[in-house]
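To start, the structure itself, in structure tokens.
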Amino acid sequence: MDKKIIYIKDTSFALDRTKDVHAILLNGLRDRGMQDSVQAVRVADIGAYNQGVVVKVLPDTTYYGVKDEDLGRILDAVKQGTVVKELAARKEPGQLRIVLRNCGVIDPESIEEYMANEGYQAIKKVLFGLKTQDNTIDEMKKSGLRGRGGAGYPTWMKWNFAKKMASDQKYVICNGDEGDPGAYMDRSVLEGDPHSVVEGMMIAGFSVGASVGYFYIRAEYPLAVERIQKAIDQCYANGLLGKNILGSDFNFDLEIRLGAGAFVCGEETALIASIEGKRGAPHPRPPYPSVKGLWDKPTVINNVETLANVAYIINRGGDAFAKVGTQTSKGTKVFALTGKVKNSGLVEVPMGTTIREIVFDIGGGVYKNKNIKAVQTGGPSGGVIPKDFLDTPVDYENLQKLGSIMGSGGMIVMDEDDCMVDIARFYQRFCFDESCGKCSPCRIGTAQMLGFLSKIAEGRGEIGDLDNLRRIAQSMQRAALCGLGQTAPNPVISTLRYYEDEYRVHILDKKCPSKKCRDLLSYKIIPEKCKKCGLCFMNCEAKAITGNKDDGYIIDMNKCVRCGRCFEVCKFKAVGKE
Amino acid sequence: MQEDKLSDDIKNIVKKWEGKKGSLIMILHDVQNIYGYVPRETSLQLSKYMDVPLARIYEVITFYHFFKLVPPGKHLVQVCMGTACYLKGASELLHELRDILGVREGGTSKDGLFQLEVVRCLGCCGLAPVMKIDEKVYSKVGKDRVADIIAEYEEEQVAK
């Protein structure tokens with residue numbers, strides 16, 4: 001089988017057209033006598049959105065928004081080994097797929113397909129080629145792989161600490177508690193290539209000397225749970241899990257534990273508490289989990305994306321992996337590119353790619369061609385990166401210098417309509433809701449900061465509030481117990497750092513420059529544009545609009561609840577908002 | 001009668017997790033899968049069977065957003081409040097839903113048909129703003145579409 005066609009329906013379409021497309025493709029293949037050499041597969045996700053039906057001819061030709069009548073031409077091109085130029089989309093520029101190597105390429109529920117794509121070769125190499133734990137960890141050291149969950153701690157060091165601990169029992173945990181709002185790469189990997197994460201877990205388990213591993217996955221991701229369970233079952237059936245794996249003396253068992261919707265459980269020690277069946281409250285570190293973790297045994301916790309890199313590194317060698325990326329950050333990073341960007345979706349780029357390349361070359365620029373204002377990375381623990389820094393190459397150190405973090409990989413594009421006070425408030429509310437309440441810097445700090453931000457956004461701000469925000473932020477960074485509390489002030493600090501002017505306008509002029517903060521808006525009817533149709537009058541539920549069809553209408557701001565209905569319904573743009 | 005059956009279900013669940021450490025959360029997941037929430041009687045029974053203080057079970061249930069203590073409405077309406085959805089107008093969407101259903105987040109509408117929930121992120125940010133009713137995902141929901149969508153479910157109920 002030399003070529004495969006893969007296609008997907010656009011998930012935003014109400015009708016599932018993939019069945020029709022599948023039938024047309026199958027018939028087309030039969031007509032051309034290609035049914036044995038080309039396979040058409042329906043897949044769940046290839047990381048493209050809003051593109052209509054997407055047909056992807058492996059390895060690298062993608063057709064977006066394909067209509068039924070185009071399918072014949074595409075099949076002709078496949079037969080001749082050419083490309084239908086006018087239909088073919090840009091090749092995905094600048095992307096390099098390591099973590100997502102199998103996503104959308106293989107059937108995630110088939111261990112056979114995974115095996116046909118280098119699957120479980122890495123664990124064989126570890127057991128029978130590298131043979132020892134040290135050799136395996138050495139290979140990881142050469143690769144320079146750092147944790148993809150946020151902090152970027154070198155993976156090999158984590159493994160090495162746990163390996164050195166003498167204990168009758170050790171554990172490895174896969175952190176699939178992806179709680180960062182606006183990020184979904186772990187979900188895609190768990191759903192699209194579960195076996196590669198399972199294999200990563202096996203190699204991690206072997207390297208540290210653990211015989212049991214746990215997947216900790218959000219209960220909100222039922223498909224991911226189902227696919228991982230299926231992958232685990234298939235591994236047991238094929239002798240890849242259990243006792244004496246592949247005839248070696250390595251024993252390894254895997255189980256799933258479900259999260260239950262608590263952001264703090266992404267933090268290592270809280271995650272461990274949750275697996276132990278308790279409420280997810282963090283513990284002070286040290287002792288680190290690699291010394292005293294799950295049930296007080298040495299434990300290694302790796303993120304989904306980190307683990308998905310492992311088999312690739314072992315197969316290709318650490319040195320080959322280290323050739324990709326920058327001096328300090330090796331390999332690739334998957335970003336969930338979302339927000340005000342034309343093509344949202346998952347992108348995987350080599351470390352060192354600039355933010356501009358990601359947003360404009362891959363993402364196609366800003367939605368509705370507005371001006372970009374900033375990019376947010378790292379979710380509630382990260383910060384905003386203003387447009388002046390778009391040419392910064394992405395790696396752990398650079399983002400940190402800018403006051404953000406790599407985080408798990410959410411990258412949210414914001415345009416000129418987005419208000420930075422509002423964004424800071426959004427993230428602060430999130431942290432306030434999610435604070436577990438164990439330590440006071442976080443419990444009280446998030447509440448106080450949210451209070452000040454709300455005050456500012458609602459037009460009651462005083463100039464001294466900015467200093468108060470800074471002071472609370474600093475104490476939280478220093479005194480909070482876990483990562484959640486220490487990083488919770490980051491969105492506030494970074495917006496204050498780059499957009500203090502905007503805060504000041506909110507406080508001093510009681511205006512929101514982006515027209516986002518509802519309480520600071522005022523509406524008025526522009527007489528020159530008004531056609532006196534009365535539509536605004538009829539739609540105003542607060543009865544704040546008075547007047548009649550002869551004299552025109554006026555808005556009484558004392559009665560107005562700022563719902564924006566009049567602004568929306570006016571066909572003549574005669575309602576002004578400022 | 002009802003209570004006996006309850007016990008059997010619980011026994012099976014507990015048996016399934018017997019001998020495994022730290023299984024309380026998984027057991028609660030199983031319970032919620034059956035009833036849609038965790039009834040107080042079940043917690044009491046669990047406490048007895050597992051020899052765990054009731055306070056510890058409640059501690060876990062109330063800590064995690066996922067567990068519910070009251071029966072949910074017939075249809076679960078979830079509005080995604082992830083960052084991407086928020087930027088693209090999820091809060092307006094939520095306001096509209098509050099108005100139409102007459103409930104706030106976490107509440108059940110008077111007719112018992114709808115339960116309104118806010119979720120962190122449904123993980124399909126490319127389709128923002130997103131809402132989910134039961135297993136169906138509605139993408140790019142403008143607030144003008146909300147009434148029609150809700151009406152579909154109401155009509156379906158009337159048809160029955």
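Following the order of the structure tokens, chains are lettered A, B, ..., residues in each are numbered from 1, and ligands are numbered from 1.
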Exercise. Please run DSSP on the backbone and report, as an MDAnalysis selection string, all residues within chain B that come out as strand (DSSP E or B).
Key: chainID B and resid 75:80 108 114:119 131:133 136:138
Quiz item: Hey, what's within 8 Å of segment 413-425 of chain A if we count only C-alpha atoms and toss same-chain stuff fewer than 6 positions away? As a PyMOL selection string, please?
Solution: (chain A and resi 337-341+359+366+370-376+450+453-454+456-457+491-492+495+499+502-503+512-517) or (chain B and resi 87)
Written file, previous selection with C-alpha atoms, as a short mmCIF file (atom, residue, chain, number, x, y, z; two decimals), in the first residue's frame:
```cif
data_model
loop_
_atom_site.label_atom_id
_atom_site.label_comp_id
_atom_site.auth_asym_id
_atom_site.auth_seq_id
_atom_site.Cartn_x
_atom_site.Cartn_y
_atom_site.Cartn_z
CA LEU A 337 -3.13 28.04 18.83
CA THR A 338 -6.48 29.65 19.60
CA GLY A 339 -8.20 32.93 20.26
CA LYS A 340 -8.36 35.58 17.56
CA VAL A 341 -6.41 33.70 14.94
CA VAL A 359 0.70 33.14 14.46
CA VAL A 366 -5.42 37.55 12.99
CA LYS A 370 -7.65 43.03 12.93
CA ASN A 371 -4.41 44.13 14.52
CA ILE A 372 -2.70 41.78 16.88
CA LYS A 373 -2.25 43.11 20.40
CA ALA A 374 -0.60 40.32 22.30
CA VAL A 375 -0.17 36.60 22.62
CA GLN A 376 -0.84 34.81 25.87
CA LEU A 450 -9.66 39.66 42.09
CA LEU A 453 -9.21 44.00 39.46
CA SER A 454 -13.01 43.99 39.65
CA ILE A 456 -10.80 48.73 38.42
CA ALA A 457 -12.91 47.09 35.73
CA PRO A 491 -1.13 37.32 34.37
CA VAL A 492 -1.55 40.41 36.56
CA THR A 495 -0.29 42.88 32.04
CA TYR A 499 -0.05 47.67 29.77
CA GLU A 502 -4.46 50.69 30.09
CA TYR A 503 -4.96 50.16 33.81
CA CYS A 512 -12.02 51.01 28.78
CA PRO A 513 -9.95 51.65 25.62
CA SER A 514 -10.93 48.27 24.18
CA LYS A 515 -14.60 48.80 25.00
CA LYS A 516 -14.78 45.53 26.80
CA CYS A 517 -15.43 46.41 30.43
CA LEU B 87 -12.49 35.91 24.13
#
```
Practice problem: If you run DSSP over the backbone, which residues in segment 204-311 of chain A end up alpha helix (DSSP H)? Put them as a PyMOL selection string. | Solution: chain A and resi 204-208+222-237+268-275+304-311
Kindly assemble as a Markdown table a list of the chain A residues that lie within 7 Å of chain B, each paired with its nearest atom pair and their distance in Å to one decimal, using only C-alpha atoms, sorted first by chain and then by ascending residue number.
```
| residue | atom | partner | partner_atom | distance |
| --- | --- | --- | --- | --- |
| A:Ser12 | CA | B:Ser139 | CA | 5.8 |
| A:Tyr49 | CA | B:Gly126 | CA | 5.9 |
| A:Pro181 | CA | B:Gly82 | CA | 4.3 |
| A:Gly182 | CA | B:Thr83 | CA | 5.1 |
| A:Ala183 | CA | B:Gly123 | CA | 6.6 |
| A:Tyr184 | CA | B:Gly123 | CA | 4.9 |
| A:Arg257 | CA | B:Met26 | CA | 6.9 |
| A:Leu258 | CA | B:Met26 | CA | 6.7 |
| A:Ala260 | CA | B:Phe66 | CA | 4.9 |
| A:Gly261 | CA | B:His65 | CA | 5.1 |
| A:Ala262 | CA | B:Tyr64 | CA | 5.7 |
| A:Ile275 | CA | B:Gly22 | CA | 6.3 |
| A:Glu276 | CA | B:Gly22 | CA | 4.1 |
| A:Gly277 | CA | B:Gly22 | CA | 4.2 |
| A:Lys278 | CA | B:Val60 | CA | 6.2 |
| A:Arg279 | CA | B:Val60 | CA | 5.1 |
| A:Thr338 | CA | B:Ala84 | CA | 5.9 |
| A:Gly339 | CA | B:Ala84 | CA | 4.6 |
| A:Ser344 | CA | B:Gly126 | CA | 5.0 |
| A:Gly345 | CA | B:Gly126 | CA | 5.8 |
| A:Ile412 | CA | B:Ala84 | CA | 6.8 |
```
Write the residues you've just listed into a file as a compact mmCIF listing (two decimals), in the first residue's frame, and include C-alpha atoms for each of them.
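Wrote out-v2.txt, looks like this:
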```txt
# COMPACT_ATOMS: atom_id res chain seq x y z
CA SER A 12 -18.27 22.84 12.93
CA TYR A 49 -10.76 23.48 12.12
CA PRO A 181 -8.22 26.73 29.80
CA GLY A 182 -7.41 27.09 26.14
CA ALA A 183 -5.06 24.16 25.81
CA TYR A 184 -5.88 20.74 24.45
CA ARG A 257 -7.21 7.04 37.58
CA LEU A 258 -9.68 9.77 36.77
CA ALA A 260 -12.55 15.08 38.95
CA GLY A 261 -12.19 18.65 37.84
CA ALA A 262 -9.66 20.39 40.01
CA ILE A 275 -4.58 9.37 43.09
CA GLU A 276 -4.46 8.35 46.73
CA GLY A 277 -8.19 9.10 46.79
CA LYS A 278 -7.95 12.28 48.81
CA ARG A 279 -8.81 15.88 48.10
CA THR A 338 -6.48 29.65 19.60
CA GLY A 339 -8.20 32.93 20.26
CA SER A 344 -6.89 27.71 15.10
CA GLY A 345 -5.66 24.27 15.82
CA ILE A 412 -3.95 32.54 22.70
```
Quiz item: Counting only C-alpha atoms, what is within 10 Å of Glu112 of chain A, bar same-chain residues fewer than 6 positions away, as a ChimeraX atom specification?
Solution: /A:106,119,234
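Once Glu105 of chain B and its same-chain neighbours fewer than 6 positions away are set aside, B:Leu116, B:Glu117, B:Val118 remain within 7 Å of it when counting only C-alpha atoms.
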Need the shell around Lys15 of chain B: protein/DNA/RNA residues with any atom at most 12 Å away, counting only C-alpha atoms. Skip same-chain ones fewer than 4 positions apart. Format as an mmCIF file with all heavy atoms, in the first residue's frame?
```cif
data_model
loop_
_atom_site.group_PDB
_atom_site.id
_atom_site.type_symbol
_atom_site.label_atom_id
_atom_site.label_comp_id
_atom_site.auth_asym_id
_atom_site.auth_seq_id
_atom_site.Cartn_x
_atom_site.Cartn_y
_atom_site.Cartn_z
ATOM 1 N N SER B 7 -28.033 -0.853 47.608
ATOM 2 C CA SER B 7 -26.915 -1.512 48.267
ATOM 3 C C SER B 7 -26.196 -2.466 47.329
ATOM 4 O O SER B 7 -24.975 -2.560 47.336
ATOM 5 C CB SER B 7 -27.405 -2.278 49.487
ATOM 6 O OG SER B 7 -28.181 -1.440 50.288
ATOM 7 N N ASP B 8 -26.975 -3.190 46.507
ATOM 8 C CA ASP B 8 -26.350 -4.141 45.586
ATOM 9 C C ASP B 8 -25.410 -3.444 44.624
ATOM 10 O O ASP B 8 -24.279 -3.872 44.412
ATOM 11 C CB ASP B 8 -27.423 -4.894 44.788
ATOM 12 C CG ASP B 8 -27.907 -6.106 45.569
ATOM 13 O OD1 ASP B 8 -27.243 -6.416 46.583
ATOM 14 O OD2 ASP B 8 -28.908 -6.713 45.162
ATOM 15 N N ASP B 9 -25.930 -2.356 44.037
ATOM 16 C CA ASP B 9 -25.095 -1.592 43.120
ATOM 17 C C ASP B 9 -23.801 -1.163 43.794
ATOM 18 O O ASP B 9 -22.721 -1.310 43.249
ATOM 19 C CB ASP B 9 -25.841 -0.331 42.649
ATOM 20 C CG ASP B 9 -26.855 -0.670 41.567
ATOM 21 O OD1 ASP B 9 -26.716 -1.761 40.972
ATOM 22 O OD2 ASP B 9 -27.758 0.144 41.333
ATOM 23 N N ILE B 10 -23.973 -0.641 44.986
ATOM 24 C CA ILE B 10 -22.801 -0.136 45.699
ATOM 25 C C ILE B 10 -21.845 -1.274 46.026
ATOM 26 O O ILE B 10 -20.633 -1.154 45.873
ATOM 27 C CB ILE B 10 -23.226 0.581 47.008
ATOM 28 C CG1 ILE B 10 -24.216 1.692 46.687
ATOM 29 C CG2 ILE B 10 -22.022 1.150 47.733
ATOM 30 C CD1 ILE B 10 -23.775 2.667 45.656
ATOM 31 N N LYS B 11 -22.441 -2.404 46.431
ATOM 32 C CA LYS B 11 -21.584 -3.554 46.737
ATOM 33 C C LYS B 11 -20.730 -3.940 45.538
ATOM 34 O O LYS B 11 -19.545 -4.204 45.649
ATOM 35 C CB LYS B 11 -22.447 -4.752 47.159
ATOM 36 C CG LYS B 11 -22.675 -4.839 48.645
ATOM 37 C CD LYS B 11 -23.419 -6.132 48.963
ATOM 38 C CE LYS B 11 -24.346 -5.937 50.151
ATOM 39 N NZ LYS B 11 -25.464 -6.867 50.154
ATOM 40 N N GLY B 19 -9.306 -3.985 47.481
ATOM 41 C CA GLY B 19 -7.882 -4.294 47.504
ATOM 42 C C GLY B 19 -7.020 -3.297 46.776
ATOM 43 O O GLY B 19 -5.802 -3.427 46.721
ATOM 44 N N LYS B 20 -7.660 -2.311 46.131
ATOM 45 C CA LYS B 20 -6.850 -1.290 45.473
ATOM 46 C C LYS B 20 -6.792 -0.059 46.350
ATOM 47 O O LYS B 20 -7.823 0.416 46.828
ATOM 48 C CB LYS B 20 -7.436 -0.944 44.112
ATOM 49 C CG LYS B 20 -7.332 -2.115 43.175
ATOM 50 C CD LYS B 20 -7.508 -1.707 41.745
ATOM 51 C CE LYS B 20 -7.214 -2.916 40.870
ATOM 52 N NZ LYS B 20 -7.662 -2.750 39.520
ATOM 53 N N SER B 23 -9.003 4.185 46.216
ATOM 54 C CA SER B 23 -10.006 4.016 45.170
ATOM 55 C C SER B 23 -11.249 4.882 45.371
ATOM 56 O O SER B 23 -12.158 4.846 44.557
ATOM 57 C CB SER B 23 -10.425 2.545 45.112
ATOM 58 O OG SER B 23 -10.784 2.118 46.401
ATOM 59 N N ILE B 27 -14.510 5.152 42.909
ATOM 60 C CA ILE B 27 -15.815 4.630 43.333
ATOM 61 C C ILE B 27 -16.887 5.704 43.177
ATOM 62 O O ILE B 27 -17.983 5.453 42.669
ATOM 63 C CB ILE B 27 -15.742 4.122 44.795
ATOM 64 C CG1 ILE B 27 -14.902 2.844 44.846
ATOM 65 C CG2 ILE B 27 -17.133 3.876 45.363
ATOM 66 C CD1 ILE B 27 -14.621 2.323 46.229
ATOM 67 N N ASP B 30 -17.935 5.974 39.680
ATOM 68 C CA ASP B 30 -18.856 4.891 39.312
ATOM 69 C C ASP B 30 -20.265 5.173 39.832
ATOM 70 O O ASP B 30 -21.251 4.946 39.137
ATOM 71 C CB ASP B 30 -18.355 3.546 39.863
ATOM 72 C CG ASP B 30 -17.184 3.012 39.043
ATOM 73 O OD1 ASP B 30 -16.967 3.551 37.936
ATOM 74 O OD2 ASP B 30 -16.497 2.088 39.509
ATOM 75 N N LEU B 46 -21.592 3.807 51.622
ATOM 76 C CA LEU B 46 -20.171 3.667 51.308
ATOM 77 C C LEU B 46 -19.338 3.772 52.576
ATOM 78 O O LEU B 46 -18.415 2.987 52.800
ATOM 79 C CB LEU B 46 -19.737 4.782 50.352
ATOM 80 C CG LEU B 46 -19.957 4.558 48.863
ATOM 81 C CD1 LEU B 46 -19.498 5.786 48.087
ATOM 82 C CD2 LEU B 46 -19.193 3.332 48.395
ATOM 83 N N TYR B 49 -19.644 0.456 54.375
ATOM 84 C CA TYR B 49 -18.964 -0.675 53.733
ATOM 85 C C TYR B 49 -17.454 -0.522 53.722
ATOM 86 O O TYR B 49 -16.708 -1.469 53.897
ATOM 87 C CB TYR B 49 -19.440 -0.841 52.287
ATOM 88 C CG TYR B 49 -20.762 -1.552 52.176
ATOM 89 C CD1 TYR B 49 -21.880 -0.899 51.700
ATOM 90 C CD2 TYR B 49 -20.868 -2.894 52.550
ATOM 91 C CE1 TYR B 49 -23.085 -1.538 51.597
ATOM 92 C CE2 TYR B 49 -22.090 -3.547 52.454
ATOM 93 C CZ TYR B 49 -23.193 -2.870 51.978
ATOM 94 O OH TYR B 49 -24.383 -3.500 51.883
ATOM 95 N N MET B 50 -17.013 0.723 53.457
ATOM 96 C CA MET B 50 -15.577 0.914 53.278
ATOM 97 C C MET B 50 -14.877 1.281 54.568
ATOM 98 O O MET B 50 -13.654 1.395 54.607
ATOM 99 C CB MET B 50 -15.317 2.022 52.252
ATOM 100 C CG MET B 50 -15.767 1.664 50.860
ATOM 101 S SD MET B 50 -15.669 3.130 49.813
ATOM 102 C CE MET B 50 -13.909 3.379 49.759
#
```
Quick one: contact table of segment 154-272 of chain A to segment 286-295 of chain A, 8 Å max, nearest atom pair and distance in Å to one decimal per residue, counting only C-alpha atoms, chain and number order, as a tab-separated table?
```
residue	atom	partner	partner_atom	distance
A:Lys158	CA	A:Ser290	CA	6.9
A:Trp159	CA	A:Ser290	CA	7.9
A:Phe161	CA	A:Ser290	CA	6.1
A:Ala162	CA	A:Ser290	CA	4.7
A:Met165	CA	A:Val291	CA	6.7
A:Tyr171	CA	A:Leu294	CA	7.1
A:Glu268	CA	A:Pro289	CA	7.5
A:Thr269	CA	A:Pro289	CA	7.0
A:Ile272	CA	A:Leu294	CA	5.5
```
Kindly export the residues of the current selection with N, CA and C atoms, as a PDB file, in the first residue's frame.
```pdb
ATOM      1  N   LYS A 158      14.964  14.058  36.411  1.00  0.00           N
ATOM      2  CA  LYS A 158      13.846  13.537  37.189  1.00  0.00           C
ATOM      3  C   LYS A 158      13.950  12.017  37.321  1.00  0.00           C
ATOM      4  N   TRP A 159      14.183  11.372  36.172  1.00  0.00           N
ATOM      5  CA  TRP A 159      14.258   9.908  36.169  1.00  0.00           C
ATOM      6  C   TRP A 159      15.437   9.434  37.013  1.00  0.00           C
ATOM      7  N   PHE A 161      16.960  10.876  39.555  1.00  0.00           N
ATOM      8  CA  PHE A 161      16.719  10.989  40.998  1.00  0.00           C
ATOM      9  C   PHE A 161      15.935   9.787  41.503  1.00  0.00           C
ATOM     10  N   ALA A 162      14.868   9.477  40.796  1.00  0.00           N
ATOM     11  CA  ALA A 162      14.022   8.373  41.241  1.00  0.00           C
ATOM     12  C   ALA A 162      14.763   7.048  41.127  1.00  0.00           C
ATOM     13  N   MET A 165      17.012   6.260  44.083  1.00  0.00           N
ATOM     14  CA  MET A 165      16.397   5.950  45.360  1.00  0.00           C
ATOM     15  C   MET A 165      16.253   4.439  45.517  1.00  0.00           C
ATOM     16  N   TYR A 171       6.877   4.312  41.475  1.00  0.00           N
ATOM     17  CA  TYR A 171       5.758   4.519  40.561  1.00  0.00           C
ATOM     18  C   TYR A 171       6.111   5.529  39.478  1.00  0.00           C
ATOM     19  N   GLU A 268       2.141  18.506  40.959  1.00  0.00           N
ATOM     20  CA  GLU A 268       2.582  17.140  41.270  1.00  0.00           C
ATOM     21  C   GLU A 268       2.062  16.576  42.582  1.00  0.00           C
ATOM     22  N   THR A 269       2.264  17.326  43.665  1.00  0.00           N
ATOM     23  CA  THR A 269       1.922  16.743  44.966  1.00  0.00           C
ATOM     24  C   THR A 269       0.407  16.649  45.159  1.00  0.00           C
ATOM     25  N   ILE A 272      -0.766  13.591  43.255  1.00  0.00           N
ATOM     26  CA  ILE A 272      -0.506  12.371  44.027  1.00  0.00           C
ATOM     27  C   ILE A 272      -1.600  12.174  45.081  1.00  0.00           C
TER      28      ILE A 272
END
```
Quiz item: With distances taken over only C-alpha atoms, which of A:Ala224, A:Lys170, A:Met351, A:Gln121 is nearest to Leu240 of chain A?
Solution: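 Among the listed residues, A:Gln121 lies closest to Leu240 of chain A.
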Quiz item: So, counting only C-alpha atoms, which residue among B:Val77, B:Val158, B:Gly89, B:Ile133 is closest to Val103 of chain B?
Solution: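 Of B:Val77, B:Val158, B:Gly89, B:Ile133, the one nearest Val103 of chain B, counting only C-alpha atoms, is B:Val77.
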Quiz item: Between atom CA of Ile355 of chain A and atom CA of Asn490 of chain A, what is the distance, to one decimal in Å?
Solution: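 Going from atom CA of Ile355 of chain A over to atom CA of Asn490 of chain A covers 19.5 Å.
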Exercise. Between atom CA of Gln133 of chain A and atom CA of Gly239 of chain A, measure the distance and give it in Å to one decimal.
Key: 20.8 Å
Under the rule of at most 6 Å, produce a per-residue listing of segment 296-381 of chain A near segment 390-393 of chain A: chain, number, name, the closest pair of atoms, and the distance in Å, as JSON lines, using only C-alpha atoms.
```
{"residue": "A:Gly352", "atom": "CA", "partner": "A:Pro393", "partner_atom": "CA", "distance": 4.4}
{"residue": "A:Thr353", "atom": "CA", "partner": "A:Pro393", "partner_atom": "CA", "distance": 5.1}
{"residue": "A:Thr354", "atom": "CA", "partner": "A:Pro393", "partner_atom": "CA", "distance": 4.0}
{"residue": "A:Ile355", "atom": "CA", "partner": "A:Leu390", "partner_atom": "CA", "distance": 5.1}
{"residue": "A:Arg356", "atom": "CA", "partner": "A:Leu390", "partner_atom": "CA", "distance": 5.0}
```
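In terms of minimum interatomic distance to Thr136 of chain A, A:Ser207 ranks closest within A:Ser207, A:Thr546, A:Gln327, A:Gln428, counting only C-alpha atoms.
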Quiz prompt | Between atom CA of Asn238 of chain A and atom CA of Leu145 of chain A, distance in Å (one decimal) | solution =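 A separation of 29.3 Å between them.
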Which residues come within 9 Å of Ile150 of chain B, counting only C-alpha atoms, excluding same-chain residues fewer than 4 positions away, as a JSON list (two decimals) with N, CA, C and O atoms, in the first residue's frame?
```json
[["chain", "number", "residue", "atom", "x", "y", "z"],
["B", 97, "LEU", "N", -28.16, 32.31, 28.20],
["B", 97, "LEU", "CA", -28.69, 31.05, 28.74],
["B", 97, "LEU", "C", -29.34, 31.26, 30.10],
["B", 97, "LEU", "O", -30.39, 30.70, 30.39],
["B", 100, "ILE", "N", -32.70, 32.80, 29.44],
["B", 100, "ILE", "CA", -33.69, 31.91, 28.84],
["B", 100, "ILE", "C", -34.12, 30.82, 29.82],
["B", 100, "ILE", "O", -35.30, 30.51, 29.95],
["B", 101, "LEU", "N", -33.16, 30.24, 30.52],
["B", 101, "LEU", "CA", -33.49, 29.12, 31.40],
["B", 101, "LEU", "C", -33.93, 29.59, 32.78],
["B", 101, "LEU", "O", -34.51, 28.83, 33.55],
["B", 145, "ARG", "N", -28.48, 32.35, 18.52],
["B", 145, "ARG", "CA", -28.86, 30.96, 18.21],
["B", 145, "ARG", "C", -29.36, 30.20, 19.44],
["B", 145, "ARG", "O", -29.96, 29.12, 19.31],
["B", 146, "VAL", "N", -29.09, 30.76, 20.62],
["B", 146, "VAL", "CA", -29.34, 30.00, 21.84],
["B", 146, "VAL", "C", -30.80, 29.60, 21.99],
["B", 146, "VAL", "O", -31.13, 28.44, 22.25],
["B", 154, "GLU", "N", -36.98, 21.59, 24.10],
["B", 154, "GLU", "CA", -38.29, 21.74, 24.72],
["B", 154, "GLU", "C", -39.37, 21.09, 23.86],
["B", 154, "GLU", "O", -40.25, 20.40, 24.35],
["B", 155, "GLU", "N", -39.27, 21.30, 22.53],
["B", 155, "GLU", "CA", -40.25, 20.71, 21.62],
["B", 155, "GLU", "C", -40.20, 19.18, 21.68],
["B", 155, "GLU", "O", -41.21, 18.50, 21.70]]
```
